[in-house]
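For reference, query23.csv is printed below; it contains CSV, C-alpha atoms.
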chain,number,residue,atom,x,y,z
Z,1178,LYS,CA,3.3,1.8,-20.5
Z,1179,VAL,CA,2.7,-1.5,-18.9
Z,1180,ILE,CA,5.5,-3.5,-17.4
Z,1181,ASN,CA,4.9,-7.1,-16.3
Z,1182,ILE,CA,7.3,-8.2,-13.6
Z,1183,ASP,CA,6.6,-11.9,-13.4
Z,1184,PRO,CA,8.4,-15.3,-13.9
Z,1185,VAL,CA,5.9,-15.9,-16.8
Z,1186,TYR,CA,4.9,-13.7,-19.8
Z,1187,ASN,CA,1.2,-14.3,-19.3
Z,1188,ASP,CA,-1.8,-13.8,-21.5
Z,1189,THR,CA,-2.7,-10.4,-20.0
Z,1190,ALA,CA,0.9,-9.1,-20.6
Z,1191,ARG,CA,0.8,-10.4,-24.1
Z,1192,PHE,CA,-2.7,-8.8,-24.7
Z,1193,LEU,CA,-1.4,-5.4,-23.4
Z,1194,GLY,CA,1.9,-5.6,-25.2
Z,1195,ALA,CA,3.7,-5.3,-21.9
Z,1196,GLU,CA,7.4,-5.0,-21.4
Z,1197,GLN,CA,8.4,-8.2,-19.7
Z,1198,VAL,CA,10.8,-8.3,-16.7
Z,1199,PHE,CA,11.4,-11.9,-15.7
Z,1200,ILE,CA,11.9,-12.4,-12.0
Z,1201,ASN,CA,12.7,-15.5,-10.0
Z,1202,PRO,CA,9.6,-16.8,-8.2
Z,1203,THR,CA,8.9,-15.6,-4.7
Z,1204,THR,CA,11.6,-12.9,-4.8
Z,1205,ASP,CA,9.3,-9.9,-5.3
Z,1206,VAL,CA,10.0,-8.5,-1.8
Z,1207,ALA,CA,13.7,-8.4,-2.4
Z,1208,MET,CA,13.1,-6.4,-5.6
Z,1209,VAL,CA,10.7,-4.0,-4.0
Z,1210,GLU,CA,13.1,-3.4,-1.1
Z,1211,ALA,CA,15.9,-2.6,-3.5
Z,1212,MET,CA,13.7,-0.2,-5.4
Z,1213,CYS,CA,12.8,1.5,-2.2
Z,1214,TYR,CA,16.5,1.7,-1.2
Z,1215,HIS,CA,17.3,3.3,-4.6
Z,1216,LEU,CA,14.4,5.8,-4.2
Z,1217,ILE,CA,15.5,6.9,-0.8
Z,1218,LYS,CA,19.2,6.9,-1.6
Z,1219,ASN,CA,18.5,9.2,-4.5
Z,1220,ASN,CA,15.9,11.4,-2.8
Z,1221,LEU,CA,13.2,10.3,-5.2
Z,1222,HIS,CA,10.7,9.4,-2.4
Z,1223,ASP,CA,7.8,11.7,-1.4
Z,1224,GLU,CA,8.8,12.9,2.1
Z,1225,LYS,CA,5.7,15.1,2.5
Z,1226,PHE,CA,3.3,12.2,1.7
Z,1227,LEU,CA,5.2,9.9,4.1
Z,1228,LYS,CA,5.1,12.4,6.9
Z,1229,ARG,CA,1.4,13.1,6.4
Z,1230,TYR,CA,0.0,9.7,5.7
Z,1231,THR,CA,2.3,7.0,7.1
Z,1232,VAL,CA,4.2,5.8,10.1
Z,1233,GLY,CA,7.4,3.8,10.4
Z,1234,PHE,CA,9.6,5.5,7.7
Z,1235,LYS,CA,12.6,5.5,10.1
Z,1236,LYS,CA,12.2,1.8,10.8
Z,1237,LEU,CA,11.9,1.0,7.0
Z,1238,LYS,CA,15.0,3.1,6.3
Z,1239,ASP,CA,17.0,1.4,9.0
Z,1240,ARG,CA,16.1,-2.0,7.5
Z,1241,LEU,CA,16.9,-1.0,3.9
Z,1242,PHE,CA,20.2,0.7,4.9
Z,1243,ASP,CA,21.3,-1.9,7.4
Z,1244,GLU,CA,25.2,-1.8,7.5
Z,1245,LYS,CA,25.5,-5.6,7.6
Z,1246,ASN,CA,23.0,-6.3,4.8
Z,1247,PRO,CA,21.9,-3.2,2.8
Z,1248,LYS,CA,19.0,-3.9,0.4
Z,1249,THR,CA,20.8,-2.5,-2.6
Z,1250,PRO,CA,19.8,-3.2,-6.2
Z,1251,GLU,CA,23.1,-5.2,-6.4
Z,1252,TRP,CA,22.0,-7.3,-3.4
Z,1253,ALA,CA,18.6,-7.9,-5.0
Z,1254,GLU,CA,20.1,-8.9,-8.4
Z,1255,LYS,CA,21.6,-12.0,-6.9
Z,1256,ILE,CA,18.2,-13.0,-5.5
Z,1257,THR,CA,15.7,-11.9,-8.1
Z,1258,GLY,CA,17.7,-12.5,-11.3
Z,1259,VAL,CA,16.8,-8.9,-12.4
Z,1260,SER,CA,19.8,-6.8,-13.1
Z,1261,ALA,CA,20.7,-4.0,-10.6
Z,1262,SER,CA,20.5,-1.5,-13.5
Z,1263,LYS,CA,17.0,-2.6,-14.4
Z,1264,ILE,CA,15.9,-2.4,-10.8
Z,1265,LYS,CA,17.2,1.2,-10.6
Z,1266,GLN,CA,15.6,2.0,-14.0
Z,1267,LEU,CA,12.2,0.8,-12.8
Z,1268,ALA,CA,12.4,2.7,-9.6
Z,1269,GLU,CA,13.3,5.9,-11.4
Z,1270,LEU,CA,10.6,5.4,-14.0
Z,1271,MET,CA,8.0,4.9,-11.3
Z,1272,ALA,CA,9.2,8.0,-9.4
Z,1273,LYS,CA,9.1,10.2,-12.5
Z,1274,ASN,CA,5.7,9.1,-13.9
Z,1275,ARG,CA,2.3,8.4,-12.5
Z,1276,THR,CA,2.5,4.8,-11.5
Z,1277,MET,CA,-0.2,2.2,-10.6
Z,1278,ILE,CA,1.3,-0.9,-9.0
Z,1279,MET,CA,-1.0,-3.8,-9.6
Z,1280,ALA,CA,-0.8,-7.4,-8.5
Z,1281,GLY,CA,-3.0,-10.5,-8.2
Z,1282,TRP,CA,-3.3,-12.7,-5.1
Z,1283,GLY,CA,-1.8,-15.9,-6.5
Z,1284,PHE,CA,1.7,-15.3,-5.1
Z,1285,GLN,CA,0.4,-14.8,-1.6
Z,1286,ARG,CA,-0.2,-18.5,-1.4
Z,1287,ALA,CA,3.5,-19.1,-0.9
Z,1288,HIS,CA,5.1,-19.1,2.6
Z,1289,HIS,CA,5.1,-15.4,3.8
Z,1290,GLY,CA,3.4,-14.5,0.4
Z,1291,GLU,CA,1.5,-11.7,1.9
Z,1292,GLN,CA,4.7,-9.8,2.4
Z,1293,ALA,CA,4.9,-9.0,-1.4
Z,1294,HIS,CA,1.6,-7.1,-1.2
Z,1295,TRP,CA,2.7,-5.1,1.9
Z,1296,ALA,CA,6.0,-4.3,0.1
Z,1297,MET,CA,4.1,-3.0,-2.9
Z,1298,ILE,CA,2.0,-0.8,-0.7
Z,1299,THR,CA,5.2,0.5,0.9
Z,1300,LEU,CA,6.7,1.2,-2.6
Z,1301,ALA,CA,3.4,3.1,-3.6
Z,1302,SER,CA,3.7,5.1,-0.3
Z,1303,LEU,CA,7.3,6.0,-1.0
Z,1304,LEU,CA,6.2,7.2,-4.5
Z,1305,GLY,CA,3.5,9.3,-2.8
Z,1306,GLN,CA,0.9,8.5,-5.5
Z,1307,ILE,CA,-1.8,6.8,-3.5
Z,1308,GLY,CA,-5.1,8.5,-4.1
Z,1309,LEU,CA,-4.0,10.2,-7.3
Z,1310,ASP,CA,-5.7,9.4,-10.6
Z,1311,GLY,CA,-3.8,6.5,-12.2
Z,1312,GLY,CA,-1.4,6.2,-9.2
Z,1313,GLY,CA,-1.1,4.1,-6.1
Z,1314,TYR,CA,-1.7,0.4,-5.9
Z,1315,GLY,CA,-4.4,-2.1,-6.6
Z,1316,PHE,CA,-4.8,-5.9,-6.2
Z,1317,ASN,CA,-6.9,-8.5,-8.0
Z,1318,TYR,CA,-8.2,-6.6,-11.0

Render the structure in this file as structure tokens.
Amino acid sequence: KVINIDPVYNDTARFLGAEQVFINPTTDVAMVEAMCYHLIKNNLHDEKFLKRYTVGFKKLKDRLFDEKNPKTPEWAEKITGVSASKIKQLAELMAKNRTMIMAGWGFQRAHHGEQAHWAMITLASLLGQIGLDGGGYGFNY
């Protein structure tokens, strides 16, 4: 299954028959943060992978669960234009299936655009699928 999360239903998505999720431009980080929030809140993250291969989980969790501004799917819905229920559904779909998160480099040309790529790597880490066949992340295919 291919899901295209993009403001534009592009030629590649059309060719692959991808499900389209329209998102407001430059709001990818908010969506990924909300997905990460949902994964952690529902214990769908890979704790073993995080302990073995990553650093900074406590800092990430503190950011996502900040009392003054938690990065909930409802918070992200207002920013991204993607419904909170869809954000939750996507996070759960990724956690329950082998998932390859793929992106190009175009959106990194915006102010702080590199943050979207780092956020996607963080999401892939939470899923614990980096290094598995058909899982993890990749950019600029």

Report task. For each of Z:Pro1250, Z:Gly1258, Z:Arg1275, Z:Glu1269, take the minimum atom-to-atom distance to Thr1203 in chain Z, counting all atoms listed in the file, then give the residue where this is smallest. Result ->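 Selected residue with least distance to Thr1203 in chain Z: Z:Gly1258.
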
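If all atoms listed in the file are the atoms counted, then among Z:Ile1278, Z:Lys1236, Z:Met1271, Z:His1294 the closest residue to Leu1221 in chain Z is Z:Met1271.
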
Query raised in the report: Just how far from CA of Ala1211 in chain Z is CA of Asp1239 in chain Z, in Å to one decimal?
Result: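 Separation of CA of Asp1239 in chain Z and CA of Ala1211 in chain Z: 13.2 Å.
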
Query - Straight-line distance linking CA of Phe1226 in chain Z with CA of Gly1305 in chain Z, stated in Å to one decimal - result: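 It comes out at 5.4 Å.
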
Query raised in the report: With all atoms listed in the file as the basis for distance, which of Z:Thr1189, Z:Thr1299, Z:Thr1276, Z:Asn1246 is at the shortest distance from Val1209 in chain Z?
Result: Z:Thr1299

Report task. Find the residue from Z:Ala1190, Z:Ala1272, Z:Ile1256, Z:Leu1267 that sits nearest to Ala1301 in chain Z; use only C-alpha atoms when measuring. Result -> Z:Ala1272

Query raised in the report: Which is closest to Leu1227 in chain Z among Z:Gly1312, Z:Leu1300, Z:Tyr1318, Z:Val1206, if we use only C-alpha atoms?
Result: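 Looking at the shortest contact to Leu1227 in chain Z, the residue is Z:Leu1300.
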
Report task. Could you please determine the separation between CA of Arg1229 in chain Z and CA of Leu1303 in chain Z in Å, to one decimal place? Result ->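 We find that CA of Arg1229 in chain Z and CA of Leu1303 in chain Z lie 11.8 Å from each other.
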
Query - Who sits within 12 Å of Glu1251 in chain Z, all atoms listed in the file, same chain under 3 positions skipped, as a PyMOL selection string - result: chain Z and resi 1207-1208+1210-1212+1214-1215+1246-1248+1254-1265

Report task. Using only C-alpha atoms, find the one residue out of Z:Leu1270, Z:Ala1296, Z:Leu1304, Z:Ala1195 that sits nearest to Glu1224 in chain Z. Result ->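 Using only C-alpha atoms, the shortest distance to Glu1224 in chain Z belongs to Z:Leu1304.
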
Query raised in the report: Can you list, as a VMD selection string, every protein, DNA or RNA residue that comes within 8 Å of Phe1284 in chain Z when you count all atoms listed in the file, leaving out same-chain residues fewer than 6 positions away?
Result: chain Z and resid 1203 1290 to 1291 1293

Hey, could you patch up range 1207-1218 of chain Z with all heavy atoms and hand it over as a PDB file, in the coordinates of the input?
ATOM      1  N   ALA Z1207      12.344  -8.802  -2.265  1.00  0.00           N
ATOM      2  CA  ALA Z1207      13.700  -8.400  -2.400  1.00  0.00           C
ATOM      3  C   ALA Z1207      13.814  -7.264  -3.493  1.00  0.00           C
ATOM      4  O   ALA Z1207      14.514  -6.259  -3.311  1.00  0.00           O
ATOM      5  CB  ALA Z1207      14.629  -9.531  -2.786  1.00  0.00           C
ATOM      6  N   MET Z1208      13.094  -7.441  -4.590  1.00  0.00           N
ATOM      7  CA  MET Z1208      13.100  -6.400  -5.600  1.00  0.00           C
ATOM      8  C   MET Z1208      12.527  -5.120  -5.165  1.00  0.00           C
ATOM      9  O   MET Z1208      13.086  -4.044  -5.398  1.00  0.00           O
ATOM     10  CB  MET Z1208      12.404  -6.921  -6.884  1.00  0.00           C
ATOM     11  CG  MET Z1208      12.461  -5.914  -8.007  1.00  0.00           C
ATOM     12  SD  MET Z1208      12.021  -6.695  -9.557  1.00  0.00           S
ATOM     13  CE  MET Z1208      11.964  -5.282 -10.613  1.00  0.00           C
ATOM     14  N   VAL Z1209      11.393  -5.198  -4.495  1.00  0.00           N
ATOM     15  CA  VAL Z1209      10.700  -4.000  -4.000  1.00  0.00           C
ATOM     16  C   VAL Z1209      11.609  -3.283  -2.968  1.00  0.00           C
ATOM     17  O   VAL Z1209      11.742  -2.056  -2.976  1.00  0.00           O
ATOM     18  CB  VAL Z1209       9.332  -4.285  -3.462  1.00  0.00           C
ATOM     19  CG1 VAL Z1209       8.737  -3.065  -2.780  1.00  0.00           C
ATOM     20  CG2 VAL Z1209       8.424  -4.758  -4.590  1.00  0.00           C
ATOM     21  N   GLU Z1210      12.234  -4.052  -2.081  1.00  0.00           N
ATOM     22  CA  GLU Z1210      13.100  -3.400  -1.100  1.00  0.00           C
ATOM     23  C   GLU Z1210      14.268  -2.690  -1.787  1.00  0.00           C
ATOM     24  O   GLU Z1210      14.623  -1.578  -1.388  1.00  0.00           O
ATOM     25  CB  GLU Z1210      13.682  -4.477  -0.130  1.00  0.00           C
ATOM     26  CG  GLU Z1210      12.687  -4.936   0.891  1.00  0.00           C
ATOM     27  CD  GLU Z1210      13.276  -5.914   1.889  1.00  0.00           C
ATOM     28  OE1 GLU Z1210      14.091  -6.780   1.492  1.00  0.00           O
ATOM     29  OE2 GLU Z1210      12.914  -5.818   3.071  1.00  0.00           O
ATOM     30  N   ALA Z1211      14.832  -3.288  -2.810  1.00  0.00           N
ATOM     31  CA  ALA Z1211      15.900  -2.600  -3.500  1.00  0.00           C
ATOM     32  C   ALA Z1211      15.432  -1.385  -4.257  1.00  0.00           C
ATOM     33  O   ALA Z1211      16.158  -0.378  -4.313  1.00  0.00           O
ATOM     34  CB  ALA Z1211      16.537  -3.623  -4.533  1.00  0.00           C
ATOM     35  N   MET Z1212      14.229  -1.427  -4.798  1.00  0.00           N
ATOM     36  CA  MET Z1212      13.700  -0.200  -5.400  1.00  0.00           C
ATOM     37  C   MET Z1212      13.468   0.869  -4.405  1.00  0.00           C
ATOM     38  O   MET Z1212      13.793   2.036  -4.658  1.00  0.00           O
ATOM     39  CB  MET Z1212      12.357  -0.589  -6.134  1.00  0.00           C
ATOM     40  CG  MET Z1212      12.554  -1.505  -7.331  1.00  0.00           C
ATOM     41  SD  MET Z1212      11.010  -2.113  -8.023  1.00  0.00           S
ATOM     42  CE  MET Z1212      10.464  -0.651  -8.874  1.00  0.00           C
ATOM     43  N   CYS Z1213      12.964   0.502  -3.239  1.00  0.00           N
ATOM     44  CA  CYS Z1213      12.800   1.500  -2.200  1.00  0.00           C
ATOM     45  C   CYS Z1213      14.114   2.064  -1.719  1.00  0.00           C
ATOM     46  O   CYS Z1213      14.237   3.278  -1.510  1.00  0.00           O
ATOM     47  CB  CYS Z1213      12.048   0.837  -0.986  1.00  0.00           C
ATOM     48  SG  CYS Z1213      10.319   0.410  -1.310  1.00  0.00           S
ATOM     49  N   TYR Z1214      15.107   1.210  -1.584  1.00  0.00           N
ATOM     50  CA  TYR Z1214      16.500   1.700  -1.200  1.00  0.00           C
ATOM     51  C   TYR Z1214      16.932   2.703  -2.231  1.00  0.00           C
ATOM     52  O   TYR Z1214      17.424   3.770  -1.860  1.00  0.00           O
ATOM     53  CB  TYR Z1214      17.397   0.448  -1.210  1.00  0.00           C
ATOM     54  CG  TYR Z1214      18.850   0.789  -0.965  1.00  0.00           C
ATOM     55  CD1 TYR Z1214      19.392   0.701   0.305  1.00  0.00           C
ATOM     56  CD2 TYR Z1214      19.689   1.187  -2.014  1.00  0.00           C
ATOM     57  CE1 TYR Z1214      20.732   1.009   0.538  1.00  0.00           C
ATOM     58  CE2 TYR Z1214      21.012   1.504  -1.797  1.00  0.00           C
ATOM     59  CZ  TYR Z1214      21.533   1.411  -0.512  1.00  0.00           C
ATOM     60  OH  TYR Z1214      22.848   1.735  -0.288  1.00  0.00           O
ATOM     61  N   HIS Z1215      16.790   2.394  -3.500  1.00  0.00           N
ATOM     62  CA  HIS Z1215      17.300   3.300  -4.600  1.00  0.00           C
ATOM     63  C   HIS Z1215      16.495   4.624  -4.523  1.00  0.00           C
ATOM     64  O   HIS Z1215      17.096   5.692  -4.686  1.00  0.00           O
ATOM     65  CB  HIS Z1215      17.107   2.618  -5.921  1.00  0.00           C
ATOM     66  CG  HIS Z1215      17.680   3.409  -7.042  1.00  0.00           C
ATOM     67  ND1 HIS Z1215      19.035   3.552  -7.231  1.00  0.00           N
ATOM     68  CD2 HIS Z1215      17.077   4.131  -8.025  1.00  0.00           C
ATOM     69  CE1 HIS Z1215      19.252   4.316  -8.292  1.00  0.00           C
ATOM     70  NE2 HIS Z1215      18.080   4.674  -8.796  1.00  0.00           N
ATOM     71  N   LEU Z1216      15.194   4.574  -4.311  1.00  0.00           N
ATOM     72  CA  LEU Z1216      14.400   5.800  -4.200  1.00  0.00           C
ATOM     73  C   LEU Z1216      14.865   6.696  -3.102  1.00  0.00           C
ATOM     74  O   LEU Z1216      15.050   7.905  -3.278  1.00  0.00           O
ATOM     75  CB  LEU Z1216      12.911   5.462  -4.062  1.00  0.00           C
ATOM     76  CG  LEU Z1216      12.203   4.823  -5.243  1.00  0.00           C
ATOM     77  CD1 LEU Z1216      10.802   4.379  -4.844  1.00  0.00           C
ATOM     78  CD2 LEU Z1216      12.156   5.773  -6.435  1.00  0.00           C
ATOM     79  N   ILE Z1217      15.060   6.091  -1.929  1.00  0.00           N
ATOM     80  CA  ILE Z1217      15.500   6.900  -0.800  1.00  0.00           C
ATOM     81  C   ILE Z1217      16.892   7.410  -0.944  1.00  0.00           C
ATOM     82  O   ILE Z1217      17.163   8.588  -0.696  1.00  0.00           O
ATOM     83  CB  ILE Z1217      15.346   6.041   0.526  1.00  0.00           C
ATOM     84  CG1 ILE Z1217      13.879   5.700   0.786  1.00  0.00           C
ATOM     85  CG2 ILE Z1217      15.947   6.788   1.714  1.00  0.00           C
ATOM     86  CD1 ILE Z1217      13.659   4.619   1.834  1.00  0.00           C
ATOM     87  N   LYS Z1218      17.794   6.549  -1.386  1.00  0.00           N
ATOM     88  CA  LYS Z1218      19.200   6.900  -1.600  1.00  0.00           C
ATOM     89  C   LYS Z1218      19.318   8.137  -2.513  1.00  0.00           C
ATOM     90  O   LYS Z1218      20.165   9.004  -2.329  1.00  0.00           O
ATOM     91  CB  LYS Z1218      20.006   5.768  -2.095  1.00  0.00           C
ATOM     92  CG  LYS Z1218      21.478   6.098  -2.289  1.00  0.00           C
ATOM     93  CD  LYS Z1218      22.262   4.917  -2.809  1.00  0.00           C
ATOM     94  CE  LYS Z1218      23.708   5.343  -3.005  1.00  0.00           C
ATOM     95  NZ  LYS Z1218      24.457   4.362  -3.748  1.00  0.00           N
TER      96      LYS Z1218
END
